[in-house]
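Undergrad: One file is attached below, target-v8.csv, containing CSV, C-alpha atoms.
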```csv
chain,number,residue,atom,x,y,z
A,1,GLY,CA,104.0,84.1,91.5
A,2,ASN,CA,102.2,87.3,90.8
A,3,SER,CA,102.7,89.2,87.6
A,4,VAL,CA,101.4,92.3,85.8
A,5,THR,CA,101.4,92.7,82.0
A,6,GLN,CA,100.7,96.1,80.4
A,7,MET,CA,100.9,97.3,76.9
A,8,GLU,CA,104.2,98.6,75.7
A,9,GLY,CA,104.6,102.2,74.8
A,10,PRO,CA,105.1,104.8,74.0
A,11,VAL,CA,101.5,105.7,73.3
A,12,THR,CA,101.2,109.0,71.4
A,13,LEU,CA,97.8,110.7,71.2
A,14,SER,CA,96.5,114.0,70.2
A,15,GLU,CA,94.9,116.2,72.9
A,16,GLU,CA,91.2,115.3,73.6
A,17,ALA,CA,91.7,111.7,72.2
A,18,PHE,CA,90.4,108.7,74.0
A,19,LEU,CA,93.0,106.7,76.0
A,20,THR,CA,93.1,103.0,76.9
A,21,ILE,CA,96.1,101.4,78.4
A,22,ASN,CA,95.6,97.7,78.8
A,23,CYS,CA,96.7,95.8,81.9
A,24,THR,CA,96.2,92.1,82.8
A,25,TYR,CA,97.4,90.3,85.9
A,26,THR,CA,98.1,86.9,87.3
A,27,ALA,CA,97.7,86.4,91.0
A,28,THR,CA,96.7,84.0,93.6
A,29,GLY,CA,94.0,85.1,96.0
A,30,TYR,CA,92.3,88.4,95.8
A,31,PRO,CA,94.8,91.2,95.2
A,32,SER,CA,94.2,94.9,95.2
A,33,LEU,CA,94.8,96.7,91.9
A,34,PHE,CA,96.3,100.1,91.3
A,35,TRP,CA,97.4,102.5,88.7
A,36,TYR,CA,100.3,104.8,89.5
A,37,VAL,CA,101.5,107.7,87.5
A,38,GLN,CA,105.1,109.0,87.2
A,39,TYR,CA,105.9,112.5,85.9
A,40,PRO,CA,109.4,113.2,84.6
A,41,GLY,CA,112.0,113.2,87.3
A,42,GLU,CA,109.6,112.3,90.0
A,43,GLY,CA,108.5,109.3,92.1
A,44,LEU,CA,105.2,107.5,91.6
A,45,GLN,CA,101.9,108.8,92.6
A,46,LEU,CA,98.8,106.8,93.2
A,47,LEU,CA,96.2,107.5,90.4
A,48,LEU,CA,93.4,105.2,91.4
A,49,LYS,CA,92.8,101.8,93.0
A,50,ALA,CA,90.2,99.0,93.3
A,51,THR,CA,90.2,96.4,96.0
A,52,LYS,CA,87.7,93.9,94.9
A,53,ALA,CA,86.1,92.5,91.8
A,54,ASP,CA,83.8,94.9,89.9
A,55,ASP,CA,85.1,97.9,91.8
A,56,LYS,CA,85.7,100.9,89.6
A,57,GLY,CA,88.5,103.3,90.6
A,58,SER,CA,88.4,106.8,89.3
A,59,ASN,CA,90.4,110.0,89.6
A,60,LYS,CA,91.1,113.1,87.5
A,61,GLY,CA,89.0,111.7,84.6
A,62,PHE,CA,90.8,108.3,84.6
A,63,GLU,CA,88.9,105.1,85.3
A,64,ALA,CA,89.7,101.4,85.6
A,65,THR,CA,87.4,98.5,86.5
A,66,TYR,CA,88.6,95.4,88.4
A,67,ARG,CA,87.5,92.5,86.1
A,68,LYS,CA,88.2,89.2,87.8
A,69,GLU,CA,86.7,87.1,85.0
A,70,THR,CA,89.3,88.6,82.5
A,71,THR,CA,91.9,89.4,85.1
A,72,SER,CA,92.2,92.9,83.8
A,73,PHE,CA,92.3,96.4,85.0
A,74,HIS,CA,92.5,98.6,81.9
A,75,LEU,CA,93.0,102.3,82.3
A,76,GLU,CA,90.8,104.7,80.4
A,77,LYS,CA,90.3,108.4,80.0
A,78,GLY,CA,87.8,110.0,77.6
A,79,SER,CA,89.8,113.1,76.7
A,80,VAL,CA,93.5,113.4,77.4
A,81,GLN,CA,95.4,116.6,78.0
A,82,VAL,CA,99.0,117.5,77.4
A,83,SER,CA,99.4,117.5,81.1
A,84,ASP,CA,98.6,113.8,81.2
A,85,SER,CA,101.9,113.0,79.5
A,86,ALA,CA,103.7,110.7,81.9
A,87,VAL,CA,104.5,107.0,82.6
A,88,TYR,CA,101.6,104.9,83.9
A,89,PHE,CA,102.2,101.8,85.9
A,90,CYS,CA,99.7,99.1,86.6
A,91,ALA,CA,100.3,97.2,89.9
A,92,LEU,CA,98.8,94.7,92.2
A,93,SER,CA,99.4,94.0,95.9
A,94,ASP,CA,98.8,91.1,98.1
A,95,THR,CA,99.5,90.5,101.8
A,96,ALA,CA,100.4,86.8,101.5
A,97,ARG,CA,103.6,87.4,103.4
A,98,GLY,CA,101.9,89.3,106.1
A,99,TYR,CA,102.9,92.6,104.7
A,100,GLN,CA,102.0,94.3,101.5
A,101,LYS,CA,104.1,93.4,98.5
A,102,VAL,CA,103.5,95.2,95.2
A,103,THR,CA,104.1,93.9,91.8
A,104,PHE,CA,104.4,96.4,89.0
A,105,GLY,CA,104.0,96.2,85.3
A,106,THR,CA,106.8,97.6,83.1
A,107,GLY,CA,105.1,101.0,82.7
A,108,THR,CA,103.5,102.6,79.6
A,109,LYS,CA,104.7,106.0,78.5
A,110,LEU,CA,102.0,108.3,77.3
A,111,GLN,CA,102.8,111.3,75.1
A,112,VAL,CA,100.0,113.8,74.4
A,113,ILE,CA,100.6,116.3,71.7
A,114,PRO,CA,98.7,119.5,71.3
B,1,GLY,CA,97.6,112.6,102.8
B,2,ALA,CA,100.5,110.3,103.6
B,3,VAL,CA,103.8,111.8,102.6
B,4,VAL,CA,107.1,110.0,102.0
B,5,SER,CA,110.2,112.2,101.9
B,6,GLN,CA,113.3,110.9,100.1
B,7,HIS,CA,116.7,112.6,100.3
B,8,PRO,CA,118.8,113.6,98.5
B,9,SER,CA,116.9,114.0,95.2
B,10,TRP,CA,120.1,113.7,93.3
B,11,VAL,CA,123.7,112.9,94.1
B,12,ILE,CA,127.0,112.6,92.2
B,13,CYS,CA,129.8,110.5,93.7
B,14,LYS,CA,133.1,109.1,92.7
B,15,SER,CA,133.6,105.5,92.0
B,16,GLY,CA,134.6,103.6,95.2
B,17,THR,CA,132.8,105.9,97.6
B,18,SER,CA,129.5,105.1,99.5
B,19,VAL,CA,126.3,107.0,99.3
B,20,LYS,CA,123.4,107.0,101.7
B,21,ILE,CA,119.8,107.7,100.7
B,22,GLU,CA,117.1,108.4,103.3
B,23,CYS,CA,113.5,107.6,103.2
B,24,ARG,CA,111.1,109.1,105.8
B,25,SER,CA,107.4,108.7,106.3
B,26,LEU,CA,106.4,112.2,107.5
B,27,ASP,CA,102.9,111.7,108.9
B,28,PHE,CA,102.4,108.0,109.4
B,29,GLN,CA,104.1,105.0,110.7
B,30,ALA,CA,105.6,102.7,108.2
B,31,THR,CA,106.3,99.2,109.4
B,32,THR,CA,107.4,98.2,106.0
B,33,MET,CA,109.4,100.2,103.4
B,34,PHE,CA,110.4,99.1,100.0
B,35,TRP,CA,113.4,100.1,97.9
B,36,TYR,CA,113.2,100.1,94.1
B,37,ARG,CA,115.6,100.7,91.3
B,38,GLN,CA,114.3,102.1,88.1
B,39,PHE,CA,116.2,101.4,84.9
B,40,PRO,CA,116.4,103.7,81.9
B,41,LYS,CA,113.5,102.0,80.1
B,42,GLN,CA,111.4,102.8,83.1
B,43,SER,CA,110.8,99.3,84.6
B,44,LEU,CA,110.8,99.2,88.4
B,45,MET,CA,112.8,96.5,90.1
B,46,LEU,CA,112.1,95.7,93.7
B,47,MET,CA,115.5,95.5,95.5
B,48,ALA,CA,114.5,94.8,99.0
B,49,THR,CA,111.8,95.0,101.7
B,50,SER,CA,112.7,96.6,104.9
B,51,ASN,CA,110.8,95.9,108.1
B,52,GLU,CA,111.4,98.1,111.2
B,53,GLY,CA,113.7,96.5,113.7
B,54,SER,CA,114.7,93.5,111.6
B,55,LYS,CA,116.9,92.6,108.7
B,56,ALA,CA,115.8,93.5,105.2
B,57,THR,CA,114.7,90.9,102.8
B,58,TYR,CA,116.5,91.2,99.5
B,59,GLU,CA,115.2,90.1,96.1
B,60,GLN,CA,117.1,87.5,94.2
B,61,GLY,CA,120.1,88.9,92.5
B,62,VAL,CA,120.5,92.0,94.7
B,63,GLU,CA,123.8,92.1,96.6
B,64,LYS,CA,122.9,92.7,100.3
B,65,ASP,CA,126.5,93.6,101.1
B,66,LYS,CA,126.5,96.3,98.4
B,67,PHE,CA,123.1,97.7,99.1
B,68,LEU,CA,122.8,98.1,102.9
B,69,ILE,CA,119.4,98.8,104.2
B,70,ASN,CA,118.6,99.9,107.7
B,71,HIS,CA,115.1,100.5,109.1
B,72,ALA,CA,115.9,101.8,112.5
B,73,SER,CA,112.5,103.4,113.3
B,74,LEU,CA,108.9,103.4,112.1
B,75,THR,CA,109.5,106.5,110.1
B,76,LEU,CA,113.0,106.1,108.6
B,77,SER,CA,114.7,103.6,106.3
B,78,THR,CA,118.1,104.2,104.7
B,79,LEU,CA,119.8,102.6,101.7
B,80,THR,CA,123.5,102.8,101.5
B,81,VAL,CA,125.2,102.0,98.2
B,82,THR,CA,128.7,100.9,99.2
B,83,SER,CA,131.8,101.1,97.0
B,84,ALA,CA,129.7,102.6,94.2
B,85,HIS,CA,130.6,102.0,90.6
B,86,PRO,CA,129.3,103.6,87.4
B,87,GLU,CA,126.9,100.6,86.8
B,88,ASP,CA,125.2,101.5,90.1
B,89,SER,CA,124.1,104.8,88.5
B,90,SER,CA,120.3,104.7,88.5
B,91,PHE,CA,117.1,106.2,89.9
B,92,TYR,CA,116.3,104.8,93.3
B,93,ILE,CA,112.8,105.1,94.7
B,94,CYS,CA,111.6,104.2,98.2
B,95,SER,CA,108.0,103.5,99.2
B,96,ALA,CA,106.2,102.9,102.5
B,97,SER,CA,103.2,100.9,103.6
B,98,GLN,CA,101.1,102.2,106.4
B,99,ALA,CA,101.0,100.0,109.4
B,100,GLY,CA,97.8,97.9,109.5
B,101,GLN,CA,96.7,99.0,106.1
B,102,GLY,CA,96.8,95.8,104.1
B,103,GLY,CA,95.6,96.4,100.5
B,104,SER,CA,96.2,100.2,100.8
B,105,PRO,CA,98.4,101.9,98.2
B,106,LEU,CA,102.1,102.4,98.7
B,107,HIS,CA,103.3,106.0,99.2
B,108,PHE,CA,106.4,106.8,97.2
B,109,GLY,CA,109.2,109.2,97.7
B,110,ASN,CA,110.3,111.4,94.8
B,111,GLY,CA,113.3,109.3,94.0
B,112,THR,CA,117.1,109.8,94.1
B,113,ARG,CA,119.1,110.1,90.9
B,114,LEU,CA,122.5,108.6,91.6
B,115,THR,CA,125.4,109.2,89.2
B,116,VAL,CA,128.7,107.5,89.8
B,117,THR,CA,131.6,108.9,88.0
```
As structure tokens - that is how I would like this structure written.

TA:
Amino acid sequence: GNSVTQMEGPVTLSEEAFLTINCTYTATGYPSLFWYVQYPGEGLQLLLKATKADDKGSNKGFEATYRKETTSFHLEKGSVQVSDSAVYFCALSDTARGYQKVTFGTGTKLQVIP
Amino acid sequence: GAVVSQHPSWVICKSGTSVKIECRSLDFQATTMFWYRQFPKQSLMLMATSNEGSKATYEQGVEKDKFLINHASLTLSTLTVTSAHPEDSSFYICSASQAGQGGSPLHFGNGTRLTVT
């Protein structure tokens, strides 16, 4: 079956540091890939997505590139802010069952300190 | 953008009672809705997939008689936790997929914090 593996947290960085959160996946077919962000006490929000190989998703300074050869979708940001502190989930979706089923990674907590 | 409203945002109930959580898609039709349970160390567990007008599909290990799911319309799905016990205390999140939008992202509600005393 499908699976998503992402680095364990928490990740603690100083403001303006470079961020990488690794994500690799296992899937049959050609899934779409996503990063979701969850702020404390809230549901998940889509951060960015990529639907095919070599696509780059980007939003709010975050980027991730769909790498089919390495089955990866690492999240990066050049300069993090305190407001980026949240839990980040890597996810993939497929429509093998005729509807969209999403598989999530376990989430990585990011703490940015001033 | 697509909005999913989940209600209530938090609820406290006594052991043995039932609690209903609603999930509504406000500006789109959701043929499929998903119910997740989030555990303290943040991992999301898919509980069930709810298709409008048909029975929900439960994931392995999820008691369908305890977690009743109803998807009566294209904009509303409900999760009822029956005879709740303290171990059911958790954060429950719903999400919805837009009809005919394979590969599009899910839209999430803001979650419901259930505390069973």

Undergrad: Could you check which of B:Thr75, B:Asn110, B:Thr17, B:Ser54 is closest to B:Asp88, using all atoms listed in the file?

TA: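 Checking each of B:Thr75, B:Asn110, B:Thr17, B:Ser54 against B:Asp88, counting all atoms listed in the file, the winner is B:Thr17.
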
Undergrad: Would you work out the distance separating atom CA of A:Leu33 from atom CA of A:Tyr88, expressed in Å to one decimal?

TA: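 We find that atom CA of A:Leu33 and atom CA of A:Tyr88 lie 13.3 Å from each other.
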
Undergrad: What is the atom CA of A:Thr24 to atom CA of A:Leu110 distance in Å?

TA: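 Computing the Euclidean distance for atom CA of A:Thr24 and atom CA of A:Leu110 yields 18.1 Å.
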
Undergrad: In Å, how far is it from atom CA of A:Lys60 to atom CA of A:Gln111?

TA: 17.1 Å

Undergrad: Could you make a table, as JSON lines, of the residues of chain B that have an atom within 12 Å of an atom of chain A, each with its nearest atom pair and distance in Å to one decimal, counting only C-alpha atoms, in chain and number order?

TA:
```
{"residue": "B:Gly1", "atom": "CA", "partner": "A:Leu46", "partner_atom": "CA", "distance": 11.3}
{"residue": "B:Ala2", "atom": "CA", "partner": "A:Leu46", "partner_atom": "CA", "distance": 11.1}
{"residue": "B:Val3", "atom": "CA", "partner": "A:Gln45", "partner_atom": "CA", "distance": 10.6}
{"residue": "B:Val4", "atom": "CA", "partner": "A:Gly43", "partner_atom": "CA", "distance": 10.0}
{"residue": "B:Ser5", "atom": "CA", "partner": "A:Gly43", "partner_atom": "CA", "distance": 10.4}
{"residue": "B:Gln6", "atom": "CA", "partner": "A:Gly43", "partner_atom": "CA", "distance": 9.5}
{"residue": "B:Ser9", "atom": "CA", "partner": "A:Glu42", "partner_atom": "CA", "distance": 9.1}
{"residue": "B:Trp10", "atom": "CA", "partner": "A:Gly41", "partner_atom": "CA", "distance": 10.1}
{"residue": "B:Ala30", "atom": "CA", "partner": "A:Tyr99", "partner_atom": "CA", "distance": 11.0}
{"residue": "B:Thr31", "atom": "CA", "partner": "A:Tyr99", "partner_atom": "CA", "distance": 8.8}
{"residue": "B:Thr32", "atom": "CA", "partner": "A:Tyr99", "partner_atom": "CA", "distance": 7.3}
{"residue": "B:Met33", "atom": "CA", "partner": "A:Gln100", "partner_atom": "CA", "distance": 9.7}
{"residue": "B:Phe34", "atom": "CA", "partner": "A:Lys101", "partner_atom": "CA", "distance": 8.6}
{"residue": "B:Trp35", "atom": "CA", "partner": "A:Val102", "partner_atom": "CA", "distance": 11.4}
{"residue": "B:Tyr36", "atom": "CA", "partner": "A:Gly43", "partner_atom": "CA", "distance": 10.5}
{"residue": "B:Arg37", "atom": "CA", "partner": "A:Gly43", "partner_atom": "CA", "distance": 11.2}
{"residue": "B:Gln38", "atom": "CA", "partner": "A:Gly43", "partner_atom": "CA", "distance": 10.1}
{"residue": "B:Phe39", "atom": "CA", "partner": "A:Thr106", "partner_atom": "CA", "distance": 10.3}
{"residue": "B:Pro40", "atom": "CA", "partner": "A:Thr106", "partner_atom": "CA", "distance": 11.4}
{"residue": "B:Lys41", "atom": "CA", "partner": "A:Thr106", "partner_atom": "CA", "distance": 8.6}
{"residue": "B:Gln42", "atom": "CA", "partner": "A:Gly107", "partner_atom": "CA", "distance": 6.6}
{"residue": "B:Ser43", "atom": "CA", "partner": "A:Thr106", "partner_atom": "CA", "distance": 4.6}
{"residue": "B:Leu44", "atom": "CA", "partner": "A:Thr106", "partner_atom": "CA", "distance": 6.8}
{"residue": "B:Met45", "atom": "CA", "partner": "A:Phe104", "partner_atom": "CA", "distance": 8.5}
{"residue": "B:Leu46", "atom": "CA", "partner": "A:Thr103", "partner_atom": "CA", "distance": 8.4}
{"residue": "B:Met47", "atom": "CA", "partner": "A:Lys101", "partner_atom": "CA", "distance": 12.0}
{"residue": "B:Ala48", "atom": "CA", "partner": "A:Lys101", "partner_atom": "CA", "distance": 10.5}
{"residue": "B:Thr49", "atom": "CA", "partner": "A:Lys101", "partner_atom": "CA", "distance": 8.5}
{"residue": "B:Ser50", "atom": "CA", "partner": "A:Tyr99", "partner_atom": "CA", "distance": 10.6}
{"residue": "B:Asn51", "atom": "CA", "partner": "A:Tyr99", "partner_atom": "CA", "distance": 9.2}
{"residue": "B:Thr57", "atom": "CA", "partner": "A:Arg97", "partner_atom": "CA", "distance": 11.7}
{"residue": "B:Glu59", "atom": "CA", "partner": "A:Lys101", "partner_atom": "CA", "distance": 11.8}
{"residue": "B:Ser90", "atom": "CA", "partner": "A:Gly41", "partner_atom": "CA", "distance": 11.9}
{"residue": "B:Phe91", "atom": "CA", "partner": "A:Gly41", "partner_atom": "CA", "distance": 9.0}
{"residue": "B:Tyr92", "atom": "CA", "partner": "A:Gly43", "partner_atom": "CA", "distance": 9.1}
{"residue": "B:Ile93", "atom": "CA", "partner": "A:Gly43", "partner_atom": "CA", "distance": 6.5}
{"residue": "B:Cys94", "atom": "CA", "partner": "A:Gly43", "partner_atom": "CA", "distance": 8.5}
{"residue": "B:Ser95", "atom": "CA", "partner": "A:Leu44", "partner_atom": "CA", "distance": 9.0}
{"residue": "B:Ala96", "atom": "CA", "partner": "A:Gln100", "partner_atom": "CA", "distance": 9.6}
{"residue": "B:Ser97", "atom": "CA", "partner": "A:Gln100", "partner_atom": "CA", "distance": 7.0}
{"residue": "B:Gln98", "atom": "CA", "partner": "A:Gln100", "partner_atom": "CA", "distance": 9.3}
{"residue": "B:Ala99", "atom": "CA", "partner": "A:Tyr99", "partner_atom": "CA", "distance": 9.0}
{"residue": "B:Gly100", "atom": "CA", "partner": "A:Tyr99", "partner_atom": "CA", "distance": 8.8}
{"residue": "B:Gln101", "atom": "CA", "partner": "A:Gln100", "partner_atom": "CA", "distance": 8.4}
{"residue": "B:Gly102", "atom": "CA", "partner": "A:Gln100", "partner_atom": "CA", "distance": 6.0}
{"residue": "B:Gly103", "atom": "CA", "partner": "A:Ser32", "partner_atom": "CA", "distance": 5.7}
{"residue": "B:Ser104", "atom": "CA", "partner": "A:Ser32", "partner_atom": "CA", "distance": 8.0}
{"residue": "B:Pro105", "atom": "CA", "partner": "A:Leu46", "partner_atom": "CA", "distance": 7.0}
{"residue": "B:Leu106", "atom": "CA", "partner": "A:Leu46", "partner_atom": "CA", "distance": 7.8}
{"residue": "B:His107", "atom": "CA", "partner": "A:Gln45", "partner_atom": "CA", "distance": 7.3}
{"residue": "B:Phe108", "atom": "CA", "partner": "A:Leu44", "partner_atom": "CA", "distance": 5.8}
{"residue": "B:Gly109", "atom": "CA", "partner": "A:Gly43", "partner_atom": "CA", "distance": 5.6}
{"residue": "B:Asn110", "atom": "CA", "partner": "A:Gly43", "partner_atom": "CA", "distance": 3.9}
{"residue": "B:Gly111", "atom": "CA", "partner": "A:Gly43", "partner_atom": "CA", "distance": 5.2}
{"residue": "B:Thr112", "atom": "CA", "partner": "A:Gly43", "partner_atom": "CA", "distance": 8.8}
{"residue": "B:Arg113", "atom": "CA", "partner": "A:Gly41", "partner_atom": "CA", "distance": 8.5}
```

Undergrad: With C-alpha atoms kept, could you save the residues just selected as a PDB file, in the frame of the given file?

TA:
```pdb
ATOM      1  CA  GLY B   1      97.600 112.600 102.800  1.00  0.00           C
ATOM      2  CA  ALA B   2     100.500 110.300 103.600  1.00  0.00           C
ATOM      3  CA  VAL B   3     103.800 111.800 102.600  1.00  0.00           C
ATOM      4  CA  VAL B   4     107.100 110.000 102.000  1.00  0.00           C
ATOM      5  CA  SER B   5     110.200 112.200 101.900  1.00  0.00           C
ATOM      6  CA  GLN B   6     113.300 110.900 100.100  1.00  0.00           C
ATOM      7  CA  SER B   9     116.900 114.000  95.200  1.00  0.00           C
ATOM      8  CA  TRP B  10     120.100 113.700  93.300  1.00  0.00           C
ATOM      9  CA  ALA B  30     105.600 102.700 108.200  1.00  0.00           C
ATOM     10  CA  THR B  31     106.300  99.200 109.400  1.00  0.00           C
ATOM     11  CA  THR B  32     107.400  98.200 106.000  1.00  0.00           C
ATOM     12  CA  MET B  33     109.400 100.200 103.400  1.00  0.00           C
ATOM     13  CA  PHE B  34     110.400  99.100 100.000  1.00  0.00           C
ATOM     14  CA  TRP B  35     113.400 100.100  97.900  1.00  0.00           C
ATOM     15  CA  TYR B  36     113.200 100.100  94.100  1.00  0.00           C
ATOM     16  CA  ARG B  37     115.600 100.700  91.300  1.00  0.00           C
ATOM     17  CA  GLN B  38     114.300 102.100  88.100  1.00  0.00           C
ATOM     18  CA  PHE B  39     116.200 101.400  84.900  1.00  0.00           C
ATOM     19  CA  PRO B  40     116.400 103.700  81.900  1.00  0.00           C
ATOM     20  CA  LYS B  41     113.500 102.000  80.100  1.00  0.00           C
ATOM     21  CA  GLN B  42     111.400 102.800  83.100  1.00  0.00           C
ATOM     22  CA  SER B  43     110.800  99.300  84.600  1.00  0.00           C
ATOM     23  CA  LEU B  44     110.800  99.200  88.400  1.00  0.00           C
ATOM     24  CA  MET B  45     112.800  96.500  90.100  1.00  0.00           C
ATOM     25  CA  LEU B  46     112.100  95.700  93.700  1.00  0.00           C
ATOM     26  CA  MET B  47     115.500  95.500  95.500  1.00  0.00           C
ATOM     27  CA  ALA B  48     114.500  94.800  99.000  1.00  0.00           C
ATOM     28  CA  THR B  49     111.800  95.000 101.700  1.00  0.00           C
ATOM     29  CA  SER B  50     112.700  96.600 104.900  1.00  0.00           C
ATOM     30  CA  ASN B  51     110.800  95.900 108.100  1.00  0.00           C
ATOM     31  CA  THR B  57     114.700  90.900 102.800  1.00  0.00           C
ATOM     32  CA  GLU B  59     115.200  90.100  96.100  1.00  0.00           C
ATOM     33  CA  SER B  90     120.300 104.700  88.500  1.00  0.00           C
ATOM     34  CA  PHE B  91     117.100 106.200  89.900  1.00  0.00           C
ATOM     35  CA  TYR B  92     116.300 104.800  93.300  1.00  0.00           C
ATOM     36  CA  ILE B  93     112.800 105.100  94.700  1.00  0.00           C
ATOM     37  CA  CYS B  94     111.600 104.200  98.200  1.00  0.00           C
ATOM     38  CA  SER B  95     108.000 103.500  99.200  1.00  0.00           C
ATOM     39  CA  ALA B  96     106.200 102.900 102.500  1.00  0.00           C
ATOM     40  CA  SER B  97     103.200 100.900 103.600  1.00  0.00           C
ATOM     41  CA  GLN B  98     101.100 102.200 106.400  1.00  0.00           C
ATOM     42  CA  ALA B  99     101.000 100.000 109.400  1.00  0.00           C
ATOM     43  CA  GLY B 100      97.800  97.900 109.500  1.00  0.00           C
ATOM     44  CA  GLN B 101      96.700  99.000 106.100  1.00  0.00           C
ATOM     45  CA  GLY B 102      96.800  95.800 104.100  1.00  0.00           C
ATOM     46  CA  GLY B 103      95.600  96.400 100.500  1.00  0.00           C
ATOM     47  CA  SER B 104      96.200 100.200 100.800  1.00  0.00           C
ATOM     48  CA  PRO B 105      98.400 101.900  98.200  1.00  0.00           C
ATOM     49  CA  LEU B 106     102.100 102.400  98.700  1.00  0.00           C
ATOM     50  CA  HIS B 107     103.300 106.000  99.200  1.00  0.00           C
ATOM     51  CA  PHE B 108     106.400 106.800  97.200  1.00  0.00           C
ATOM     52  CA  GLY B 109     109.200 109.200  97.700  1.00  0.00           C
ATOM     53  CA  ASN B 110     110.300 111.400  94.800  1.00  0.00           C
ATOM     54  CA  GLY B 111     113.300 109.300  94.000  1.00  0.00           C
ATOM     55  CA  THR B 112     117.100 109.800  94.100  1.00  0.00           C
ATOM     56  CA  ARG B 113     119.100 110.100  90.900  1.00  0.00           C
TER      57      ARG B 113
END
```

Undergrad: List the spatial neighbours of B:Ala84 as a list in words - criterion: any atom at most 6 Å away, only C-alpha atoms, same-chain residues fewer than 3 positions off excluded.

TA: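 Counting only the stated atoms, we get Ser15, Gly16, Thr17 and Ser18 of chain B.
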
Undergrad: Give me the residues within 7 Å of stretch 62-66 of chain B as a ChimeraX atom specification, counting all atoms listed in the file and dropping any in the same chain fewer than 2 places off.

TA: /B:47,58-60,68,81-82

Undergrad: Quick one: of B:Ser89, B:Ser73, B:Thr117, B:Ser83, who's nearest to B:Cys13, counting only C-alpha atoms?

TA: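 Result for the nearest residue to B:Cys13: B:Thr117.
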
Undergrad: Any idea what's packed within 8 Å of stretch 62-68 of chain A, counting only C-alpha atoms, ignoring anything in its chain fewer than 2 positions away? Could you give it as an mmCIF file with C-alpha atoms, in the coordinates of the input?

TA:
```cif
data_model
loop_
_atom_site.group_PDB
_atom_site.id
_atom_site.type_symbol
_atom_site.label_atom_id
_atom_site.label_comp_id
_atom_site.auth_asym_id
_atom_site.auth_seq_id
_atom_site.Cartn_x
_atom_site.Cartn_y
_atom_site.Cartn_z
ATOM 1 C CA LEU A 33 94.800 96.700 91.900
ATOM 2 C CA LEU A 47 96.200 107.500 90.400
ATOM 3 C CA LEU A 48 93.400 105.200 91.400
ATOM 4 C CA ALA A 50 90.200 99.000 93.300
ATOM 5 C CA THR A 51 90.200 96.400 96.000
ATOM 6 C CA LYS A 52 87.700 93.900 94.900
ATOM 7 C CA ALA A 53 86.100 92.500 91.800
ATOM 8 C CA ASP A 54 83.800 94.900 89.900
ATOM 9 C CA ASP A 55 85.100 97.900 91.800
ATOM 10 C CA LYS A 56 85.700 100.900 89.600
ATOM 11 C CA GLY A 57 88.500 103.300 90.600
ATOM 12 C CA SER A 58 88.400 106.800 89.300
ATOM 13 C CA ASN A 59 90.400 110.000 89.600
ATOM 14 C CA LYS A 60 91.100 113.100 87.500
ATOM 15 C CA THR A 70 89.300 88.600 82.500
ATOM 16 C CA THR A 71 91.900 89.400 85.100
ATOM 17 C CA SER A 72 92.200 92.900 83.800
ATOM 18 C CA PHE A 73 92.300 96.400 85.000
ATOM 19 C CA HIS A 74 92.500 98.600 81.900
ATOM 20 C CA LEU A 75 93.000 102.300 82.300
ATOM 21 C CA GLU A 76 90.800 104.700 80.400
ATOM 22 C CA LYS A 77 90.300 108.400 80.000
ATOM 23 C CA GLY A 78 87.800 110.000 77.600
#
```
